[in-house]
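Down below is the structure, laid out as structure tokens.
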Amino acid sequence: MSSTHLGIPKGTRDFGPNIMAKRQYIFQSIQGVFKKFGFQPLETPSMENLSVLTGKYGDEGDQLLYKIVDSGDFLKKANTADFEAGYKKLLPAIATKGLRYDLTVPFARYVAMHRHEISFPFKRYQMQPVWRADRPQKGRYREFYQCDADVVGTSSLLCEAEIISMINQVFSVLGLVDYSINLNHRQLLVGISEAIGAPGMQTELAVSLDKLNKIGPEKVLQELESKGFKSHQLTALEPLLQWQGTWEQLRDPLSEFLKDSASGQKGIDDIEVILQHVKAMGHTDPKVIVNVSLARGLAYYTGAIFEVVDNKVSIGSICGGGRYDDLTGVFGLPDVSGVGISFGVDRIYDVMEQLNLFPDEDLSFSKVLLVALDDQSEHHALGVLSNLRKNGIASEIYPDRSKLKKPLSYANKKRVPVVVLIGQDEISSGKLTVKHMAEGTQEQLTEQELVGLLTKENG
């Protein structure tokens, strides 16, 4: 195939070894925190039945689902009338499956299917790719990984507090220090819709507010007007689009604004309890900002909602989630409340790369490269190689005979910190020539001393 025809779909990417090392560093860091908080691993299929996926993300989310055409004669269930009626009529006849849009809905499906095997509350983490037929742009991809942690089977607000604690721990491990955890509550949005005289329109309000950072306040208000909001309602709403700050700053004005809304008061009470729990956990600066315009456009959220942004890199949210009271209900398991958080690995990667936060020592694959200086020394080098690997040291041997410049260049490109030269002199003396690449120094060590040195550095 001509190289001019090679390519990958827009919104997808290849990841070479150096990038994968950095991605795995993120995955392992997040996974370590998930385990520390008692979450168990889970995986679900890349594809789900469309009946599972549709109707869970709102109309706009449904448009972004990747549908999979049925295998074989996929047109056999369709007829001329289906074609003439348009894609909405045709689609169910030719496609019954789709790529998952997120990890939460498949998780809810799993819980409903395995309800008799699960001990509630059920805490799971899941780290897999998802697909969205979105318009690719900086920080937005069509295929990307999510790292989710969810708790289902309890409505306790301790779970929300633990999520805030977990966010802080993950970003502390990754070296991210200047970020904000935006917090809101869906019941506050219900209360706001009631307070501005638009009861029952909280869904339309949430969908439009979710676009605030993308299109700005003026266009949000224009969109709401097109959805039927009256001018006096929009006038009452407009100041709230700017309301964000610490809970101490917003609690009293919010209480006054929502004094006649039971839903609004529920949201206020929940946020108060969540932040009290966070304080009790010892977080003196949890980096929480209450943002009453935060909406999280997904239709299934019912309680507290979270969205995390890095304050130094403008890339959108790098983490988000919230409480959902009855997501499993659509799968026949009603009244099972859950709450979860999703870390966007791809955006976190972009932020860490821009801020130069990846530690070099965690990005190398092999810790040592053995170089046999002649054919007779290769047999001895293989014994050393086997011994290093038995001691848990990532090691490799340069396979070709060449001038020393080539294996040293190879080691530098792969960030291998130690190169060991083995020739007849080394075999005779029992001392291996050990080159420390970063320092540009070398020393003579016995095989046992080499193992000790690398084991210490590895540990």
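To be explicit about the labels: the chains of the structure tokens are called A, B, and onward in the order shown, and within each one the residues are counted from 1, while ligands get numbers from 1 in the order they are shown.
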
Item checked: DSSP-assigned helix (DSSP H, G or I) members of segment 265-395 of chain A, reported as a VMD selection string -> chain A and resid 265 to 280 327 to 331 345 to 355 360 to 362 375 to 390

Margin query: One number please: atom CA of Ser172 of chain A to atom CA of Ile274 of chain A, in Å, one decimal.
Written below: 20.7 Å

Item checked: For Leu404 of chain A: contacts at 9 Å, only C-alpha atoms, fewer than 3 positions along chain excluded, given as number ranges by chain -> A: 371, 373, 401, 407-409

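When DSSP reads the backbone of this structure, the residues of segment 158-314 of chain A it assigns to strand (DSSP E) are Tyr179, Ser180, Ile181, Asn182, Leu183, Asn184, His185, Gln244, Gly245, Val288, Ile289, Val290, Asn291, Ala304, Ile305, Phe306, Glu307, Val308, Val309 and Asp310 of chain A.
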
Check: When you draw a straight line from atom CA of Val308 of chain A to atom CA of Gly245 of chain A, how long is it in Å?
Finding: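 That distance, rounded to one decimal, is 14.1 Å.
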
Next item on the list: Identify which of the residues A:Lys279, A:His380, A:Lys456, A:Lys230 lies closest to Gly430 of chain A, counting only C-alpha atoms when measuring atom-to-atom distances.
Entry: A:His380

Next item on the list: Considering only C-alpha atoms, return as an NGL selection string whatever protein or nucleic-acid residues lie within 9 Å of Tyr25 of chain A, sequence-local ones (same chain, fewer than 2 positions apart) excluded.
Entry: :A and (20-23 or 27-30 or 174 or 358 or 362-363)

Within 7 Å of segment 104-119 of chain A: each segment 275-340 of chain A residue with its shortest pair, only C-alpha atoms, as JSON lines:
```
{"residue": "A:Leu327", "atom": "CA", "partner": "A:Ala108", "partner_atom": "CA", "distance": 6.4}
{"residue": "A:Thr328", "atom": "CA", "partner": "A:Ala108", "partner_atom": "CA", "distance": 5.1}
{"residue": "A:Phe331", "atom": "CA", "partner": "A:Ala112", "partner_atom": "CA", "distance": 6.1}
{"residue": "A:Gly332", "atom": "CA", "partner": "A:Ala112", "partner_atom": "CA", "distance": 6.8}
{"residue": "A:Leu333", "atom": "CA", "partner": "A:Ala112", "partner_atom": "CA", "distance": 5.6}
```
